[in-house]
$ cat my_file11.pdb   # PDB, C-alpha atoms
MODEL        1
ATOM      1  CA  MET A 746      70.740 101.142  67.449
ATOM      2  CA  LYS A 747      67.643 103.325  67.600
ATOM      3  CA  VAL A 748      68.427 106.856  68.734
ATOM      4  CA  THR A 749      65.812 109.513  69.470
ATOM      5  CA  LEU A 750      67.391 112.905  68.868
ATOM      6  CA  PRO A 751      66.607 116.037  70.931
ATOM      7  CA  ASP A 752      64.174 117.285  68.247
ATOM      8  CA  GLY A 753      62.169 114.048  68.491
ATOM      9  CA  LYS A 754      63.450 112.615  65.197
ATOM     10  CA  ILE A 755      64.484 108.973  65.249
ATOM     11  CA  LYS A 756      67.728 107.799  63.723
ATOM     12  CA  GLU A 757      69.017 104.270  63.211
ATOM     13  CA  ILE A 758      72.779 104.134  63.591
ATOM     14  CA  GLU A 759      75.053 101.164  63.216
ATOM     15  CA  LEU A 760      77.861 101.193  65.704
ATOM     16  CA  ASP A 761      79.570  98.543  67.730
ATOM     17  CA  GLU A 762      79.264  98.646  71.517
ATOM     18  CA  ILE A 763      80.782 102.038  72.363
ATOM     19  CA  ARG A 764      80.609 104.659  75.053
ATOM     20  CA  ILE A 765      77.670 107.040  74.967
ATOM     21  CA  GLU A 766      80.034 110.021  74.830
ATOM     22  CA  GLU A 767      81.425 108.627  71.561
ATOM     23  CA  ILE A 768      77.931 108.344  70.149
ATOM     24  CA  LEU A 769      77.260 111.990  71.039
ATOM     25  CA  ARG A 770      80.497 112.974  69.351
ATOM     26  CA  THR A 771      79.501 111.014  66.221
ATOM     27  CA  LEU A 772      76.172 112.842  66.155
ATOM     28  CA  ASN A 773      77.916 116.184  66.713
ATOM     29  CA  ILE A 774      75.976 116.830  69.930
ATOM     30  CA  ASN A 775      77.567 118.814  72.775
ATOM     31  CA  PRO A 776      77.382 116.505  75.830
ATOM     32  CA  VAL A 777      77.033 119.480  78.191
ATOM     33  CA  GLU A 778      73.645 120.318  76.701
ATOM     34  CA  VAL A 779      72.003 116.899  76.951
ATOM     35  CA  ILE A 780      71.291 113.884  79.082
ATOM     36  CA  VAL A 781      70.989 110.430  77.556
ATOM     37  CA  ALA A 782      68.532 107.718  78.500
ATOM     38  CA  LYS A 783      69.494 104.165  77.582
ATOM     39  CA  ASN A 784      66.497 101.848  77.379
ATOM     40  CA  GLY A 785      64.410 104.367  79.294
ATOM     41  CA  ARG A 786      66.862 105.091  82.108
ATOM     42  CA  ILE A 787      69.311 107.982  82.361
ATOM     43  CA  ALA A 788      72.806 106.642  81.776
ATOM     44  CA  PRO A 789      76.192 108.254  82.426
ATOM     45  CA  GLU A 790      78.244 109.115  79.359
ATOM     46  CA  ASP A 791      80.939 106.599  80.183
ATOM     47  CA  GLU A 792      78.428 103.770  79.927
ATOM     48  CA  THR A 793      78.411 101.850  76.665
ATOM     49  CA  ALA A 794      75.534 101.118  74.306
ATOM     50  CA  GLY A 795      75.232  98.599  71.469
ATOM     51  CA  TYR A 796      72.970  97.275  68.710
ATOM     52  CA  ALA A 797      70.082  96.193  70.890
ATOM     53  CA  ASP A 798      69.900  99.395  72.910
ATOM     54  CA  GLU A 799      67.573 102.311  72.444
ATOM     55  CA  LEU A 800      68.890 105.756  73.260
ATOM     56  CA  LYS A 801      66.940 108.909  73.859
ATOM     57  CA  ILE A 802      68.938 112.134  73.821
ATOM     58  CA  VAL A 803      67.214 114.895  75.769
ATOM     59  CA  ARG A 804      68.190 118.543  75.603
ATOM     60  CA  VAL A 805      68.346 119.905  79.157
ATOM     61  CA  VAL A 806      66.378 123.120  79.600
ATOM     62  CA  HIS A 807      67.316 125.611  82.284
ATOM     63  CA  GLY A 808      64.874 128.485  82.040
ATOM     64  CA  GLY A 809      62.189 129.449  84.480
TER      65      GLY A 809
ATOM     66  CA  MET B 605      38.253 118.083 117.040
ATOM     67  CA  ILE B 606      37.940 121.790 116.235
ATOM     68  CA  SER B 607      38.420 122.573 112.551
ATOM     69  CA  MET B 608      41.317 124.827 111.568
ATOM     70  CA  LEU B 609      39.195 126.206 108.747
ATOM     71  CA  ASN B 610      36.790 129.121 109.088
ATOM     72  CA  ASP B 611      33.516 129.325 107.138
ATOM     73  CA  ALA B 612      35.028 131.419 104.364
ATOM     74  CA  GLU B 613      37.872 128.920 103.909
ATOM     75  CA  ARG B 614      35.446 125.997 103.855
ATOM     76  CA  ASN B 615      33.599 127.772 101.089
ATOM     77  CA  ARG B 616      36.753 128.895  99.223
ATOM     78  CA  TYR B 617      38.214 125.394  99.177
ATOM     79  CA  SER B 618      34.935 123.479  98.804
ATOM     80  CA  ARG B 619      35.945 121.884  95.484
ATOM     81  CA  GLN B 620      39.223 120.696  97.000
ATOM     82  CA  ILE B 621      37.518 119.472 100.157
ATOM     83  CA  ARG B 622      35.476 117.240  97.832
ATOM     84  CA  LEU B 623      38.804 115.839  96.647
ATOM     85  CA  PHE B 624      40.694 115.308  99.883
ATOM     86  CA  GLY B 625      38.414 116.338 102.752
ATOM     87  CA  GLU B 626      38.785 119.065 105.378
ATOM     88  CA  GLU B 627      41.621 117.101 106.896
ATOM     89  CA  GLY B 628      43.564 117.373 103.639
ATOM     90  CA  GLN B 629      42.845 121.079 103.370
ATOM     91  CA  GLU B 630      44.088 121.548 106.932
ATOM     92  CA  LYS B 631      47.329 119.781 105.997
ATOM     93  CA  LEU B 632      47.844 122.288 103.182
ATOM     94  CA  LYS B 633      47.098 125.106 105.615
ATOM     95  CA  ARG B 634      49.791 123.822 107.969
ATOM     96  CA  SER B 635      52.368 123.696 105.143
ATOM     97  CA  SER B 636      55.026 126.282 104.617
ATOM     98  CA  VAL B 637      56.631 126.552 101.201
ATOM     99  CA  PHE B 638      59.609 128.407  99.758
ATOM    100  CA  ILE B 639      59.358 129.424  96.102
ATOM    101  CA  ALA B 640      62.690 130.297  94.503
ATOM    102  CA  GLY B 641      61.933 132.953  91.913
ATOM    103  CA  ALA B 642      58.923 135.045  90.882
ATOM    104  CA  GLY B 643      59.386 134.700  87.112
ATOM    105  CA  GLY B 644      57.537 132.498  84.625
ATOM    106  CA  LEU B 645      57.479 129.294  86.670
ATOM    107  CA  GLY B 646      57.304 131.204  89.962
ATOM    108  CA  SER B 647      54.167 132.972  88.732
ATOM    109  CA  ILE B 648      52.288 129.758  88.035
ATOM    110  CA  VAL B 649      53.637 127.958  91.093
ATOM    111  CA  SER B 650      52.887 130.777  93.537
ATOM    112  CA  MET B 651      49.433 131.628  92.162
ATOM    113  CA  TYR B 652      48.224 128.024  92.227
ATOM    114  CA  MET B 653      49.766 127.378  95.637
ATOM    115  CA  ALA B 654      48.129 130.513  97.015
ATOM    116  CA  ALA B 655      44.793 129.579  95.481
ATOM    117  CA  ALA B 656      45.074 126.010  96.800
ATOM    118  CA  GLY B 657      45.584 127.294 100.351
ATOM    119  CA  PHE B 658      49.172 126.442 101.277
ATOM    120  CA  GLY B 659      49.274 128.167 104.668
ATOM    121  CA  LYS B 660      52.549 130.010 104.322
ATOM    122  CA  ILE B 661      54.243 131.018 101.086
ATOM    123  CA  CYS B 662      57.675 132.669 100.982
ATOM    124  CA  ILE B 663      59.065 133.905  97.658
ATOM    125  CA  ALA B 664      62.461 135.392  96.961
ATOM    126  CA  ASP B 665      63.379 137.282  93.802
ATOM    127  CA  CYS B 666      65.909 140.086  93.425
ATOM    128  CA  ASP B 667      64.720 141.421  90.042
ATOM    129  CA  SER B 668      62.329 144.140  88.967
ATOM    130  CA  VAL B 669      59.479 143.719  86.508
ATOM    131  CA  GLU B 670      60.379 144.458  82.870
ATOM    132  CA  LEU B 671      58.120 144.753  79.852
ATOM    133  CA  SER B 672      59.745 141.677  78.284
ATOM    134  CA  ASN B 673      58.713 139.576  81.324
ATOM    135  CA  LEU B 674      55.016 140.037  80.781
ATOM    136  CA  ASN B 675      54.470 137.406  78.078
ATOM    137  CA  ARG B 676      54.862 134.713  80.719
ATOM    138  CA  GLN B 677      55.191 136.146  84.231
ATOM    139  CA  VAL B 678      51.494 136.417  84.953
ATOM    140  CA  LEU B 679      52.054 137.461  88.577
ATOM    141  CA  HIS B 680      52.946 140.903  87.285
ATOM    142  CA  ARG B 681      50.944 143.496  85.352
ATOM    143  CA  THR B 682      51.879 146.263  82.917
ATOM    144  CA  ASN B 683      51.610 148.893  85.635
ATOM    145  CA  ASP B 684      54.053 146.883  87.793
ATOM    146  CA  ILE B 685      56.949 147.597  85.385
ATOM    147  CA  GLY B 686      59.883 148.918  87.411
ATOM    148  CA  ARG B 687      58.602 147.543  90.739
ATOM    149  CA  HIS B 688      60.392 144.736  92.547
ATOM    150  CA  LYS B 689      58.882 141.429  91.488
ATOM    151  CA  ALA B 690      58.633 140.539  95.178
ATOM    152  CA  ASP B 691      56.333 143.550  95.800
ATOM    153  CA  SER B 692      54.227 142.916  92.746
ATOM    154  CA  ALA B 693      53.958 139.231  93.679
ATOM    155  CA  LEU B 694      52.770 140.149  97.160
ATOM    156  CA  ASP B 695      49.909 142.270  95.783
ATOM    157  CA  THR B 696      48.772 139.612  93.323
ATOM    158  CA  LEU B 697      48.958 136.727  95.785
ATOM    159  CA  ARG B 698      47.156 138.692  98.510
ATOM    160  CA  SER B 699      44.375 139.470  96.092
ATOM    161  CA  ILE B 700      44.140 135.783  95.134
ATOM    162  CA  ASN B 701      43.963 134.562  98.721
ATOM    163  CA  PRO B 702      43.894 136.833 101.779
ATOM    164  CA  GLU B 703      43.480 133.809 104.099
ATOM    165  CA  ILE B 704      47.121 132.694 103.838
ATOM    166  CA  SER B 705      50.410 134.117 105.045
ATOM    167  CA  ILE B 706      52.626 135.483 102.261
ATOM    168  CA  GLU B 707      56.161 136.688 102.665
ATOM    169  CA  THR B 708      58.064 138.072  99.692
ATOM    170  CA  MET B 709      61.718 139.025  99.756
ATOM    171  CA  VAL B 710      63.848 141.169  97.442
ATOM    172  CA  GLU B 711      66.812 138.877  97.842
ATOM    173  CA  THR B 712      69.378 137.043  95.747
ATOM    174  CA  ILE B 713      69.378 133.346  96.560
ATOM    175  CA  ASN B 714      72.988 132.469  97.352
ATOM    176  CA  GLU B 715      75.174 130.678  99.921
ATOM    177  CA  GLU B 716      74.864 133.626 102.300
ATOM    178  CA  SER B 717      71.081 134.041 102.158
ATOM    179  CA  ILE B 718      69.813 130.481 101.743
ATOM    180  CA  ASP B 719      69.660 129.535 105.434
ATOM    181  CA  GLN B 720      67.613 132.575 106.328
ATOM    182  CA  LEU B 721      65.334 132.188 103.298
ATOM    183  CA  LEU B 722      64.502 128.564 104.012
ATOM    184  CA  GLN B 723      63.847 129.004 107.714
ATOM    185  CA  GLY B 724      60.687 127.143 108.713
ATOM    186  CA  CYS B 725      59.933 125.895 105.186
ATOM    187  CA  ASP B 726      58.665 122.344 104.597
ATOM    188  CA  LEU B 727      59.225 122.241 100.859
ATOM    189  CA  ILE B 728      61.183 124.011  98.136
ATOM    190  CA  MET B 729      59.738 124.912  94.748
ATOM    191  CA  ASP B 730      62.384 125.369  92.054
ATOM    192  CA  ALA B 731      61.302 128.247  89.836
ATOM    193  CA  MET B 732      64.806 129.439  89.018
ATOM    194  CA  ASP B 733      66.258 130.254  85.629
ATOM    195  CA  ASN B 734      69.763 128.837  86.119
ATOM    196  CA  PHE B 735      71.439 125.642  87.267
ATOM    197  CA  PRO B 736      74.016 127.031  89.723
ATOM    198  CA  THR B 737      71.186 128.319  91.967
ATOM    199  CA  ARG B 738      69.273 125.094  91.430
ATOM    200  CA  TYR B 739      72.285 123.118  92.696
ATOM    201  CA  LEU B 740      72.343 125.356  95.762
ATOM    202  CA  LEU B 741      68.644 124.625  96.389
ATOM    203  CA  ASN B 742      69.379 120.936  95.835
ATOM    204  CA  ARG B 743      72.134 120.883  98.457
ATOM    205  CA  ALA B 744      69.925 122.835 100.873
ATOM    206  CA  ALA B 745      67.103 120.329 100.356
ATOM    207  CA  MET B 746      69.520 117.441 101.003
ATOM    208  CA  SER B 747      70.948 118.914 104.199
ATOM    209  CA  ARG B 748      67.483 119.836 105.572
ATOM    210  CA  LYS B 749      65.871 116.607 104.317
ATOM    211  CA  ILE B 750      63.007 118.491 102.699
ATOM    212  CA  PRO B 751      61.677 117.855  99.186
ATOM    213  CA  LEU B 752      62.599 119.871  96.128
ATOM    214  CA  PHE B 753      60.129 120.160  93.260
ATOM    215  CA  HIS B 754      62.186 120.796  90.123
ATOM    216  CA  GLY B 755      60.892 122.461  87.004
ATOM    217  CA  ALA B 756      62.591 124.149  84.042
ATOM    218  CA  ILE B 757      61.483 125.379  80.634
ATOM    219  CA  SER B 758      62.768 126.693  77.339
ATOM    220  CA  GLY B 759      60.493 127.661  74.487
ATOM    221  CA  LEU B 760      57.922 124.898  74.100
ATOM    222  CA  GLN B 761      59.931 122.377  76.112
ATOM    223  CA  GLY B 762      59.950 121.662  79.807
ATOM    224  CA  GLN B 763      61.029 119.155  82.416
ATOM    225  CA  ALA B 764      59.984 118.336  85.975
ATOM    226  CA  THR B 765      60.864 115.903  88.727
ATOM    227  CA  THR B 766      60.254 115.477  92.441
ATOM    228  CA  ILE B 767      63.275 115.043  94.651
ATOM    229  CA  ILE B 768      62.875 113.444  98.070
ATOM    230  CA  PRO B 769      66.165 113.389 100.050
ATOM    231  CA  GLY B 770      67.304 109.889 100.977
ATOM    232  CA  LYS B 771      64.752 108.330  98.653
ATOM    233  CA  THR B 772      65.281 109.560  95.115
ATOM    234  CA  ALA B 773      67.944 110.734  92.732
ATOM    235  CA  CYS B 774      68.821 114.335  93.521
ATOM    236  CA  LEU B 775      69.122 117.109  90.951
ATOM    237  CA  ARG B 776      72.882 116.534  90.626
ATOM    238  CA  CYS B 777      72.384 112.773  90.074
ATOM    239  CA  ILE B 778      70.098 113.576  87.129
ATOM    240  CA  PHE B 779      72.007 116.598  85.795
ATOM    241  CA  PRO B 780      75.669 116.161  86.761
ATOM    242  CA  ARG B 781      76.641 119.323  84.860
ATOM    243  CA  ALA B 782      74.893 122.620  84.322
ATOM    244  CA  PRO B 783      73.848 123.277  80.732
ATOM    245  CA  PRO B 784      75.293 126.455  79.171
ATOM    246  CA  ASP B 785      73.734 129.567  80.684
ATOM    247  CA  ALA B 786      72.325 131.079  77.485
ATOM    248  CA  ALA B 787      69.295 133.361  77.126
ATOM    249  CA  PHE B 788      66.272 131.131  76.669
ATOM    250  CA  PRO B 789      63.100 131.612  74.629
ATOM    251  CA  ALA B 790      59.898 131.268  76.640
ATOM    252  CA  LEU B 791      56.201 130.828  76.064
ATOM    253  CA  GLY B 792      53.962 131.507  79.065
ATOM    254  CA  SER B 793      51.868 128.409  78.507
ATOM    255  CA  THR B 794      54.983 126.200  78.800
ATOM    256  CA  CYS B 795      55.493 127.688  82.273
ATOM    257  CA  GLY B 796      51.820 126.893  82.836
ATOM    258  CA  VAL B 797      52.324 123.200  81.999
ATOM    259  CA  ILE B 798      55.466 122.697  84.079
ATOM    260  CA  GLY B 799      54.519 124.969  87.012
ATOM    261  CA  SER B 800      51.162 123.221  87.297
ATOM    262  CA  ILE B 801      52.876 119.833  87.431
ATOM    263  CA  GLN B 802      55.161 121.101  90.216
ATOM    264  CA  VAL B 803      52.195 122.324  92.274
ATOM    265  CA  THR B 804      50.283 119.082  91.722
ATOM    266  CA  GLU B 805      53.320 117.195  92.995
ATOM    267  CA  ALA B 806      53.586 119.405  96.089
ATOM    268  CA  VAL B 807      49.891 118.902  96.908
ATOM    269  CA  LYS B 808      50.261 115.124  96.501
ATOM    270  CA  TYR B 809      53.380 115.109  98.671
ATOM    271  CA  ILE B 810      51.690 116.991 101.513
ATOM    272  CA  LEU B 811      48.546 114.856 101.333
ATOM    273  CA  GLY B 812      50.236 111.513 100.632
ATOM    274  CA  LEU B 813      48.229 111.021  97.440
ATOM    275  CA  GLY B 814      49.026 108.976  94.324
ATOM    276  CA  GLU B 815      52.423 108.342  92.799
ATOM    277  CA  LEU B 816      54.988 111.107  92.902
ATOM    278  CA  LEU B 817      57.331 111.957  90.032
ATOM    279  CA  GLN B 818      60.160 110.397  91.974
ATOM    280  CA  ASN B 819      63.118 108.866  90.178
ATOM    281  CA  ARG B 820      61.373 109.935  86.976
ATOM    282  CA  LEU B 821      62.151 112.955  84.859
ATOM    283  CA  LEU B 822      59.053 114.141  83.056
ATOM    284  CA  LEU B 823      59.629 115.737  79.661
ATOM    285  CA  TRP B 824      57.158 118.030  77.941
ATOM    286  CA  ASP B 825      57.619 118.627  74.223
ATOM    287  CA  GLY B 826      54.990 121.191  73.363
ATOM    288  CA  LEU B 827      56.053 121.367  69.727
ATOM    289  CA  ASN B 828      55.036 117.759  69.145
ATOM    290  CA  ALA B 829      52.430 117.663  71.962
ATOM    291  CA  CYS B 830      54.360 114.832  73.570
ATOM    292  CA  LEU B 831      54.678 113.981  77.241
ATOM    293  CA  ASP B 832      57.422 111.470  77.975
ATOM    294  CA  GLU B 833      59.530 110.386  80.925
ATOM    295  CA  VAL B 834      62.878 108.787  81.615
ATOM    296  CA  ALA B 835      63.794 106.856  84.732
ATOM    297  CA  CYS B 836      66.654 107.930  86.970
ATOM    298  CA  LYS B 837      68.286 106.577  90.093
ATOM    299  CA  PRO B 838      70.553 107.932  92.826
ATOM    300  CA  ASN B 839      74.213 108.060  91.858
ATOM    301  CA  PRO B 840      76.219 106.413  94.675
ATOM    302  CA  GLY B 841      79.105 108.776  93.874
ATOM    303  CA  CYS B 842      76.983 111.937  93.761
ATOM    304  CA  PRO B 843      78.787 114.842  95.456
ATOM    305  CA  ASP B 844      75.489 116.402  96.591
ATOM    306  CA  CYS B 845      73.479 113.500  97.992
ATOM    307  CA  ALA B 846      75.615 110.390  98.456
ATOM    308  CA  GLU B 847      76.931 111.506 101.849
ATOM    309  CA  GLN B 848      73.422 112.350 103.092
ATOM    310  CA  ALA B 849      72.099 108.997 101.863
ATOM    311  CA  GLY B 850      74.931 107.234 103.700
ATOM    312  CA  LYS B 851      74.051 109.055 106.913
ATOM    313  CA  MET B 852      70.433 107.983 106.585
ATOM    314  CA  ILE B 853      71.387 104.338 106.042
ATOM    315  CA  ASN B 854      73.562 104.519 109.141
ATOM    316  CA  GLY B 855      70.678 106.028 111.090
ATOM    317  CA  GLN B 856      72.305 109.391 111.682
TER     318      GLN B 856
ENDMDL
END
$ encode --input "my_file11.pdb" --output "structure tokens"
Amino acid sequence: MKVTLPDGKIKEIELDEIRIEEILRTLNINPVEVIVAKNGRIAPEDETAGYADELKIVRVVHGG
Amino acid sequence: MISMLNDAERNRYSRQIRLFGEEGQEKLKRSSVFIAGAGGLGSIVSMYMAAAGFGKICIADCDSVELSNLNRQVLHRTNDIGRHKADSALDTLRSINPEISIETMVETINEESIDQLLQGCDLIMDAMDNFPTRYLLNRAAMSRKIPLFHGAISGLQGQATTIIPGKTACLRCIFPRAPPDAAFPALGSTCGVIGSIQVTEAVKYILGLGELLQNRLLLWDGLNACLDEVACKPNPGCPDCAEQAGKMINGQ
């Protein structure tokens, strides 16, 4: 699975089909600080992702 | 038909009239906008909206100008330090465009004040620095069925999206939870990128031009000079917009 991290770096991880929240936990990313796009579309954390999926993890900014 | 524009306005907006005609300029003149915040984003949003000729601009901000604001909050000047941002904003915007109506309010945006603040406004510009107030603006946009133009920044990063009630994902659909409310780094030019996108969206919305940033979250990564976007869709279980969407489907 190709995962784009919040800093723009790309990581290949090998995991079976699991929930996105588990993937965040594996990567040591606090789910409160990010949203995750699966194949280009924002996906809830309880959705699963597998080998063929591409994830993009985006750090949410809140300043103005 | 008699033009709404006087000679000075026709001259002032001549480069825009080339873009969308006098009719388009008149539409902007008839528009009334609420800008939430006169900080980094609020500076860019309000100055470009004033310059573009939005007919009525209301801004609310409860803070005073501090020295540490001046790297990005270009509405305010060094000699404005200690003044209410609302007062400083009024001076700057009046000097940019005396043809429009500007109302600035020293007011905290909260449940108690929101109704009064939004009275008569056609669109809401999100220039806040925190998610709890953004959610309040989001709910107000949903209940009034007026668009919300979201923008947020941190350091060299920013995000923007256009929220049209009943048509697009709302702010809560995209961001179900507020990120931690930590102090954020800020570069003025990042506010420039995101605030400019918000204003462009508002102009397009009023004039019915092009494709809006709807159901798309635009992401600006200034560090890598990368502009990206992710798609989003309304959440049928969203606590902020699902009920409103249901009412619209049922014709209420």
$ closest_residue --input "my_file11.pdb" --among "B:Gln818, B:Thr804, B:Thr794, B:Ser699" --to "chain A" --atoms "all atoms listed in the file"
B:Thr794
$ interface_residues --input "my_file11.pdb" --of "chain A" --to "chain B" --cutoff "8 Å" --atoms "all atoms listed in the file" --output "PyMOL selection string"
chain A and resi 777-780+782+785-787+805-809
$ residues_around --input "my_file11.pdb" --residues "Gly628 in chain B" --least-positions-apart "2" --cutoff "12 Å" --atoms "only C-alpha atoms" --output "PyMOL selection string"
chain B and resi 607-609+614+617-618+620-626+630-635+656-658+807-813
$ write_last_selection --input "my_file11.pdb" --atoms "C-alpha atoms" --output "JSON list (two decimals), keeping the file's coordinate frame"
[["chain", "number", "residue", "atom", "x", "y", "z"],
["B", 607, "SER", "CA", 38.42, 122.57, 112.55],
["B", 608, "MET", "CA", 41.32, 124.83, 111.57],
["B", 609, "LEU", "CA", 39.20, 126.21, 108.75],
["B", 614, "ARG", "CA", 35.45, 126.00, 103.86],
["B", 617, "TYR", "CA", 38.21, 125.39, 99.18],
["B", 618, "SER", "CA", 34.94, 123.48, 98.80],
["B", 620, "GLN", "CA", 39.22, 120.70, 97.00],
["B", 621, "ILE", "CA", 37.52, 119.47, 100.16],
["B", 622, "ARG", "CA", 35.48, 117.24, 97.83],
["B", 623, "LEU", "CA", 38.80, 115.84, 96.65],
["B", 624, "PHE", "CA", 40.69, 115.31, 99.88],
["B", 625, "GLY", "CA", 38.41, 116.34, 102.75],
["B", 626, "GLU", "CA", 38.78, 119.06, 105.38],
["B", 630, "GLU", "CA", 44.09, 121.55, 106.93],
["B", 631, "LYS", "CA", 47.33, 119.78, 106.00],
["B", 632, "LEU", "CA", 47.84, 122.29, 103.18],
["B", 633, "LYS", "CA", 47.10, 125.11, 105.62],
["B", 634, "ARG", "CA", 49.79, 123.82, 107.97],
["B", 635, "SER", "CA", 52.37, 123.70, 105.14],
["B", 656, "ALA", "CA", 45.07, 126.01, 96.80],
["B", 657, "GLY", "CA", 45.58, 127.29, 100.35],
["B", 658, "PHE", "CA", 49.17, 126.44, 101.28],
["B", 807, "VAL", "CA", 49.89, 118.90, 96.91],
["B", 808, "LYS", "CA", 50.26, 115.12, 96.50],
["B", 809, "TYR", "CA", 53.38, 115.11, 98.67],
["B", 810, "ILE", "CA", 51.69, 116.99, 101.51],
["B", 811, "LEU", "CA", 48.55, 114.86, 101.33],
["B", 812, "GLY", "CA", 50.24, 111.51, 100.63],
["B", 813, "LEU", "CA", 48.23, 111.02, 97.44]]
$ residues_around --input "my_file11.pdb" --residues "range 659-668 of chain B" --least-positions-apart "5" --cutoff "9 Å" --atoms "all atoms listed in the file" --output "PDB file with C-alpha atoms, in the coordinates of the input"
ATOM      1  CA  GLU B 630      44.088 121.548 106.932  1.00  0.00           C
ATOM      2  CA  LYS B 631      47.329 119.781 105.997  1.00  0.00           C
ATOM      3  CA  LEU B 632      47.844 122.288 103.182  1.00  0.00           C
ATOM      4  CA  LYS B 633      47.098 125.106 105.615  1.00  0.00           C
ATOM      5  CA  ARG B 634      49.791 123.822 107.969  1.00  0.00           C
ATOM      6  CA  SER B 635      52.368 123.696 105.143  1.00  0.00           C
ATOM      7  CA  SER B 636      55.026 126.282 104.617  1.00  0.00           C
ATOM      8  CA  VAL B 637      56.631 126.552 101.201  1.00  0.00           C
ATOM      9  CA  PHE B 638      59.609 128.407  99.758  1.00  0.00           C
ATOM     10  CA  ILE B 639      59.358 129.424  96.102  1.00  0.00           C
ATOM     11  CA  ALA B 640      62.690 130.297  94.503  1.00  0.00           C
ATOM     12  CA  GLY B 641      61.933 132.953  91.913  1.00  0.00           C
ATOM     13  CA  ALA B 642      58.923 135.045  90.882  1.00  0.00           C
ATOM     14  CA  GLY B 643      59.386 134.700  87.112  1.00  0.00           C
ATOM     15  CA  GLY B 646      57.304 131.204  89.962  1.00  0.00           C
ATOM     16  CA  SER B 650      52.887 130.777  93.537  1.00  0.00           C
ATOM     17  CA  MET B 653      49.766 127.378  95.637  1.00  0.00           C
ATOM     18  CA  ALA B 654      48.129 130.513  97.015  1.00  0.00           C
ATOM     19  CA  ASP B 684      54.053 146.883  87.793  1.00  0.00           C
ATOM     20  CA  ILE B 685      56.949 147.597  85.385  1.00  0.00           C
ATOM     21  CA  GLY B 686      59.883 148.918  87.411  1.00  0.00           C
ATOM     22  CA  ARG B 687      58.602 147.543  90.739  1.00  0.00           C
ATOM     23  CA  HIS B 688      60.392 144.736  92.547  1.00  0.00           C
ATOM     24  CA  LYS B 689      58.882 141.429  91.488  1.00  0.00           C
ATOM     25  CA  ALA B 690      58.633 140.539  95.178  1.00  0.00           C
ATOM     26  CA  ALA B 693      53.958 139.231  93.679  1.00  0.00           C
ATOM     27  CA  LEU B 694      52.770 140.149  97.160  1.00  0.00           C
ATOM     28  CA  GLU B 703      43.480 133.809 104.099  1.00  0.00           C
ATOM     29  CA  ILE B 704      47.121 132.694 103.838  1.00  0.00           C
ATOM     30  CA  SER B 705      50.410 134.117 105.045  1.00  0.00           C
ATOM     31  CA  ILE B 706      52.626 135.483 102.261  1.00  0.00           C
ATOM     32  CA  GLU B 707      56.161 136.688 102.665  1.00  0.00           C
ATOM     33  CA  THR B 708      58.064 138.072  99.692  1.00  0.00           C
ATOM     34  CA  MET B 709      61.718 139.025  99.756  1.00  0.00           C
ATOM     35  CA  VAL B 710      63.848 141.169  97.442  1.00  0.00           C
ATOM     36  CA  GLU B 711      66.812 138.877  97.842  1.00  0.00           C
ATOM     37  CA  THR B 712      69.378 137.043  95.747  1.00  0.00           C
ATOM     38  CA  ILE B 713      69.378 133.346  96.560  1.00  0.00           C
ATOM     39  CA  LEU B 721      65.334 132.188 103.298  1.00  0.00           C
ATOM     40  CA  LEU B 722      64.502 128.564 104.012  1.00  0.00           C
ATOM     41  CA  CYS B 725      59.933 125.895 105.186  1.00  0.00           C
TER      42      CYS B 725
END
$ resolve_selection --input "my_file11.pdb" --expression "the PyMOL selection byres ((chain A and resi 748) around 6)" --output "PDB file with C-alpha atoms, keeping the file's coordinate frame"
ATOM      1  CA  LYS A 747      67.643 103.325  67.600  1.00  0.00           C
ATOM      2  CA  THR A 749      65.812 109.513  69.470  1.00  0.00           C
ATOM      3  CA  ILE A 755      64.484 108.973  65.249  1.00  0.00           C
ATOM      4  CA  LYS A 756      67.728 107.799  63.723  1.00  0.00           C
ATOM      5  CA  GLU A 799      67.573 102.311  72.444  1.00  0.00           C
ATOM      6  CA  LEU A 800      68.890 105.756  73.260  1.00  0.00           C
ATOM      7  CA  LYS A 801      66.940 108.909  73.859  1.00  0.00           C
TER       8      LYS A 801
END
$ axis_aligned_box --input "my_file11.pdb" --around "range 832-846 of chain B" --padding-each-side "3 Å" --output "lines of an AutoDock Vina configuration file"
center_x = 68.3
center_y = 111.4
center_z = 88.2
size_x = 27.7
size_y = 16.0
size_z = 26.5
$ resolve_selection --input "my_file11.pdb" --expression "the PyMOL selection byres ((chain A and resi 761) around 12)" --output "list in words"
Met746, Ile758, Glu759, Leu760, Glu762, Ile763, Arg764, Ile765, Glu767, Ile768, Thr793, Ala794, Gly795, Tyr796, Ala797 and Asp798 of chain A
$ write_last_selection --input "my_file11.pdb" --atoms "C-alpha atoms" --output "PDB file, in the coordinates of the input"
ATOM      1  CA  MET A 746      70.740 101.142  67.449  1.00  0.00           C
ATOM      2  CA  ILE A 758      72.779 104.134  63.591  1.00  0.00           C
ATOM      3  CA  GLU A 759      75.053 101.164  63.216  1.00  0.00           C
ATOM      4  CA  LEU A 760      77.861 101.193  65.704  1.00  0.00           C
ATOM      5  CA  GLU A 762      79.264  98.646  71.517  1.00  0.00           C
ATOM      6  CA  ILE A 763      80.782 102.038  72.363  1.00  0.00           C
ATOM      7  CA  ARG A 764      80.609 104.659  75.053  1.00  0.00           C
ATOM      8  CA  ILE A 765      77.670 107.040  74.967  1.00  0.00           C
ATOM      9  CA  GLU A 767      81.425 108.627  71.561  1.00  0.00           C
ATOM     10  CA  ILE A 768      77.931 108.344  70.149  1.00  0.00           C
ATOM     11  CA  THR A 793      78.411 101.850  76.665  1.00  0.00           C
ATOM     12  CA  ALA A 794      75.534 101.118  74.306  1.00  0.00           C
ATOM     13  CA  GLY A 795      75.232  98.599  71.469  1.00  0.00           C
ATOM     14  CA  TYR A 796      72.970  97.275  68.710  1.00  0.00           C
ATOM     15  CA  ALA A 797      70.082  96.193  70.890  1.00  0.00           C
ATOM     16  CA  ASP A 798      69.900  99.395  72.910  1.00  0.00           C
TER      17      ASP A 798
END
